[in-house]
>>> print(open('coords_11.pdb').read())   # PDB, C-alpha atoms, pLDDT in the B column
ATOM      1  CA  MET A   1     -12.229  25.930  19.281  1.00 56.00           C
ATOM      2  CA  ALA A   2     -14.220  27.439  22.067  1.00 67.00           C
ATOM      3  CA  PHE A   3     -15.569  24.021  23.122  1.00 67.00           C
ATOM      4  CA  HIS A   4     -12.141  22.603  23.856  1.00 68.00           C
ATOM      5  CA  ARG A   5     -10.997  25.665  25.780  1.00 77.00           C
ATOM      6  CA  ALA A   6     -14.217  25.750  27.794  1.00 79.00           C
ATOM      7  CA  ASN A   7     -14.183  22.001  28.445  1.00 82.00           C
ATOM      8  CA  PRO A   8     -10.615  20.815  29.110  1.00 87.00           C
ATOM      9  CA  HIS A   9     -12.107  18.109  31.308  1.00 88.00           C
ATOM     10  CA  VAL A  10     -13.229  16.262  28.151  1.00 91.00           C
ATOM     11  CA  TYR A  11      -9.618  15.656  27.078  1.00 94.00           C
ATOM     12  CA  ASP A  12      -8.657  14.699  30.636  1.00 95.00           C
ATOM     13  CA  GLU A  13     -11.582  12.311  30.979  1.00 95.00           C
ATOM     14  CA  LEU A  14     -10.917  10.653  27.619  1.00 96.00           C
ATOM     15  CA  ALA A  15      -7.272  10.147  28.601  1.00 98.00           C
ATOM     16  CA  ARG A  16      -8.295   8.712  31.985  1.00 98.00           C
ATOM     17  CA  LEU A  17     -10.774   6.303  30.407  1.00 98.00           C
ATOM     18  CA  ALA A  18      -8.291   5.157  27.761  1.00 98.00           C
ATOM     19  CA  ARG A  19      -5.648   4.497  30.417  1.00 98.00           C
ATOM     20  CA  ARG A  20      -8.159   2.590  32.522  1.00 98.00           C
ATOM     21  CA  ALA A  21      -8.986   0.377  29.534  1.00 97.00           C
ATOM     22  CA  LYS A  22      -5.269  -0.196  28.919  1.00 97.00           C
ATOM     23  CA  SER A  23      -4.747  -1.133  32.564  1.00 97.00           C
ATOM     24  CA  HIS A  24      -7.312  -3.916  32.056  1.00 97.00           C
ATOM     25  CA  GLY A  25      -5.401  -5.346  29.114  1.00 97.00           C
ATOM     26  CA  ILE A  26      -7.286  -3.651  26.285  1.00 97.00           C
ATOM     27  CA  ARG A  27      -4.729  -2.789  23.607  1.00 96.00           C
ATOM     28  CA  ARG A  28      -7.025  -0.826  21.242  1.00 96.00           C
ATOM     29  CA  TYR A  29     -10.376   0.817  21.730  1.00 96.00           C
ATOM     30  CA  SER A  30     -12.879   3.090  20.052  1.00 95.00           C
ATOM     31  CA  ILE A  31     -12.835   6.826  20.711  1.00 96.00           C
ATOM     32  CA  GLY A  32     -16.579   6.666  20.003  1.00 96.00           C
ATOM     33  CA  GLY A  33     -17.082   4.301  22.915  1.00 96.00           C
ATOM     34  CA  LEU A  34     -15.225   6.661  25.220  1.00 97.00           C
ATOM     35  CA  PHE A  35     -17.258   9.630  23.966  1.00 95.00           C
ATOM     36  CA  GLU A  36     -20.451   7.803  24.954  1.00 95.00           C
ATOM     37  CA  ILE A  37     -19.079   7.095  28.437  1.00 95.00           C
ATOM     38  CA  VAL A  38     -18.214  10.773  28.893  1.00 93.00           C
ATOM     39  CA  ARG A  39     -21.734  11.728  27.756  1.00 90.00           C
ATOM     40  CA  TYR A  40     -23.348   9.251  30.122  1.00 90.00           C
ATOM     41  CA  ASP A  41     -21.209  10.203  33.120  1.00 88.00           C
ATOM     42  CA  HIS A  42     -21.968  13.868  32.585  1.00 84.00           C
ATOM     43  CA  ALA A  43     -25.697  13.246  32.142  1.00 81.00           C
ATOM     44  CA  VAL A  44     -26.055  11.349  35.411  1.00 79.00           C
ATOM     45  CA  SER A  45     -23.789  13.592  37.478  1.00 75.00           C
ATOM     46  CA  THR A  46     -25.007  17.088  36.569  1.00 64.00           C
ATOM     47  CA  ARG A  47     -28.179  19.132  36.323  1.00 68.00           C
ATOM     48  CA  GLY A  48     -28.982  21.972  33.960  1.00 65.00           C
ATOM     49  CA  ASP A  49     -28.288  22.468  30.287  1.00 69.00           C
ATOM     50  CA  ALA A  50     -27.672  19.414  28.167  1.00 67.00           C
ATOM     51  CA  PHE A  51     -24.020  18.595  27.596  1.00 70.00           C
ATOM     52  CA  LYS A  52     -23.148  18.655  23.907  1.00 79.00           C
ATOM     53  CA  LEU A  53     -20.235  16.565  22.680  1.00 84.00           C
ATOM     54  CA  ASN A  54     -20.109  16.743  18.899  1.00 87.00           C
ATOM     55  CA  ASN A  55     -19.255  13.445  17.201  1.00 90.00           C
ATOM     56  CA  ASN A  56     -17.230  15.393  14.630  1.00 88.00           C
ATOM     57  CA  LEU A  57     -14.623  15.945  17.360  1.00 89.00           C
ATOM     58  CA  ARG A  58     -13.892  12.235  17.754  1.00 92.00           C
ATOM     59  CA  PRO A  59     -11.044  11.899  15.241  1.00 90.00           C
ATOM     60  CA  TYR A  60      -9.406  15.081  16.512  1.00 88.00           C
ATOM     61  CA  TYR A  61      -9.456  13.922  20.106  1.00 91.00           C
ATOM     62  CA  ALA A  62      -8.211  10.453  19.124  1.00 94.00           C
ATOM     63  CA  ARG A  63      -5.271  11.887  17.188  1.00 91.00           C
ATOM     64  CA  LEU A  64      -4.545  14.506  19.826  1.00 90.00           C
ATOM     65  CA  LEU A  65      -4.509  11.947  22.626  1.00 94.00           C
ATOM     66  CA  MET A  66      -2.176   9.667  20.691  1.00 95.00           C
ATOM     67  CA  GLU A  67       0.072  12.609  19.800  1.00 93.00           C
ATOM     68  CA  ARG A  68       0.240  14.045  23.318  1.00 93.00           C
ATOM     69  CA  GLU A  69       0.124  10.937  25.496  1.00 97.00           C
ATOM     70  CA  SER A  70       2.979   8.595  24.649  1.00 97.00           C
ATOM     71  CA  ASP A  71       1.365   5.684  26.485  1.00 97.00           C
ATOM     72  CA  LEU A  72      -1.730   5.992  24.248  1.00 97.00           C
ATOM     73  CA  LYS A  73       0.133   6.014  20.921  1.00 96.00           C
ATOM     74  CA  GLY A  74      -1.654   3.570  18.601  1.00 95.00           C
ATOM     75  CA  PHE A  75      -4.499   2.977  21.076  1.00 97.00           C
ATOM     76  CA  PHE A  76      -7.222   4.287  18.784  1.00 95.00           C
ATOM     77  CA  ALA A  77      -7.876   3.054  15.267  1.00 89.00           C
ATOM     78  CA  CYS A  78      -8.043   6.022  12.927  1.00 84.00           C
ATOM     79  CA  ARG A  79      -9.015   6.048   9.313  1.00 79.00           C
ATOM     80  CA  GLU A  80      -6.687   7.622   6.845  1.00 73.00           C
ATOM     81  CA  ALA A  81      -6.902  11.347   7.326  1.00 63.00           C
ATOM     82  CA  ALA A  82      -8.580  13.567   4.781  1.00 63.00           C
ATOM     83  CA  PRO A  83      -6.326  15.800   2.670  1.00 61.00           C
ATOM     84  CA  GLY A  84      -4.924  18.491   4.921  1.00 58.00           C
ATOM     85  CA  ALA A  85      -5.506  16.561   8.130  1.00 55.00           C
ATOM     86  CA  ASP A  86      -1.803  15.743   8.339  1.00 53.00           C
ATOM     87  CA  ARG A  87      -1.441  19.360   9.434  1.00 50.00           C
ATOM     88  CA  ILE A  88      -2.947  18.441  12.821  1.00 48.00           C
ATOM     89  CA  ALA A  89       0.306  17.102  14.229  1.00 45.00           C
ATOM     90  CA  GLN A  90       2.278  20.020  12.794  1.00 45.00           C
ATOM     91  CA  ILE A  91      -0.107  22.556  14.308  1.00 41.00           C
ATOM     92  CA  VAL A  92      -0.082  20.849  17.715  1.00 43.00           C
ATOM     93  CA  GLN A  93       3.701  20.579  17.725  1.00 42.00           C
ATOM     94  CA  SER A  94       4.308  24.125  16.544  1.00 42.00           C
ATOM     95  CA  THR A  95       1.917  25.821  18.955  1.00 41.00           C
ATOM     96  CA  GLY A  96       1.976  23.503  21.923  1.00 46.00           C
ATOM     97  CA  ASP A  97      -1.692  24.375  22.321  1.00 47.00           C
ATOM     98  CA  GLN A  98      -4.108  21.447  22.400  1.00 43.00           C
ATOM     99  CA  ALA A  99      -6.972  23.711  21.393  1.00 41.00           C
ATOM    100  CA  SER A 100      -5.165  24.943  18.302  1.00 40.00           C
ATOM    101  CA  ILE A 101      -6.032  21.881  16.227  1.00 39.00           C
ATOM    102  CA  PHE A 102      -9.667  22.827  16.343  1.00 40.00           C
ATOM    103  CA  HIS A 103      -9.021  26.134  14.592  1.00 37.00           C
ATOM    104  CA  HIS A 104      -7.599  24.497  11.497  1.00 34.00           C
ATOM    105  CA  PRO A 105     -10.159  23.373   8.907  1.00 35.00           C
ATOM    106  CA  VAL A 106      -9.642  19.716   8.106  1.00 32.00           C
TER     107      VAL A 106
END
>>> encode(input="coords_11.pdb", output="structure tokens")
Amino acid sequence: MAFHRANPHVYDELARLARRAKSHGIRRYSIGGLFEIVRYDHAVSTRGDAFKLNNNLRPYYARLLMERESDLKGFFACREAAPGADRIAQIVQSTGDQASIFHHPV
């Protein structure tokens, strides 16, 4: 997806925030909560066009973070994936490209 390629800082920031929460003893947290922090931080630190962070990306980022970052495995609660969503891990593993999961319809 073009968004992910154009905004790699979103993944990095979500990982940083999740690790910060873990360092304060939080064992599980909401990807939605972290999305709102990223939105807020961007809104107060930049000028210009509004930053768009689609809520539909939440489960993909949660699963991607837990797949890629071993210290975040199990950190986010995820609902059972829709049919076909199990392909996310296969696509990430086979391509090694974080952005590739956003090309696959889930």
>>> atom_distance(input="coords_11.pdb", atom1="atom CA of Lys22 of chain A", atom2="atom CA of Glu69 of chain A")
12.8 Å
>>> atom_distance(input="coords_11.pdb", atom1="atom CA of Phe76 of chain A", atom2="atom CA of Gly32 of chain A")
9.7 Å
>>> residues_around(input="coords_11.pdb", residues="Phe75 of chain A", least_positions_apart="2", cutoff="7 Å", atoms="only C-alpha atoms", output="PyMOL selection string")
chain A and resi 27-29+72-73+77
>>> resolve_selection(input="coords_11.pdb", expression="the PyMOL selection byres ((chain A and resi 10) around 12)", output="PyMOL selection string")
chain A and resi 3-9+11-17+34-39+41-42+51-54+57-58+61-62+65+98-99
>>> atom_distance(input="coords_11.pdb", atom1="atom CA of Gly74 of chain A", atom2="atom CA of Arg19 of chain A")
12.5 Å
>>> axis_aligned_box(input="coords_11.pdb", around="segment 64-78 of chain A", padding_each_side="5 Å", output="JSON")
{"center_x": -2.5, "center_y": 8.7, "center_z": 19.7, "size_x": 21.0, "size_y": 21.5, "size_z": 23.6}
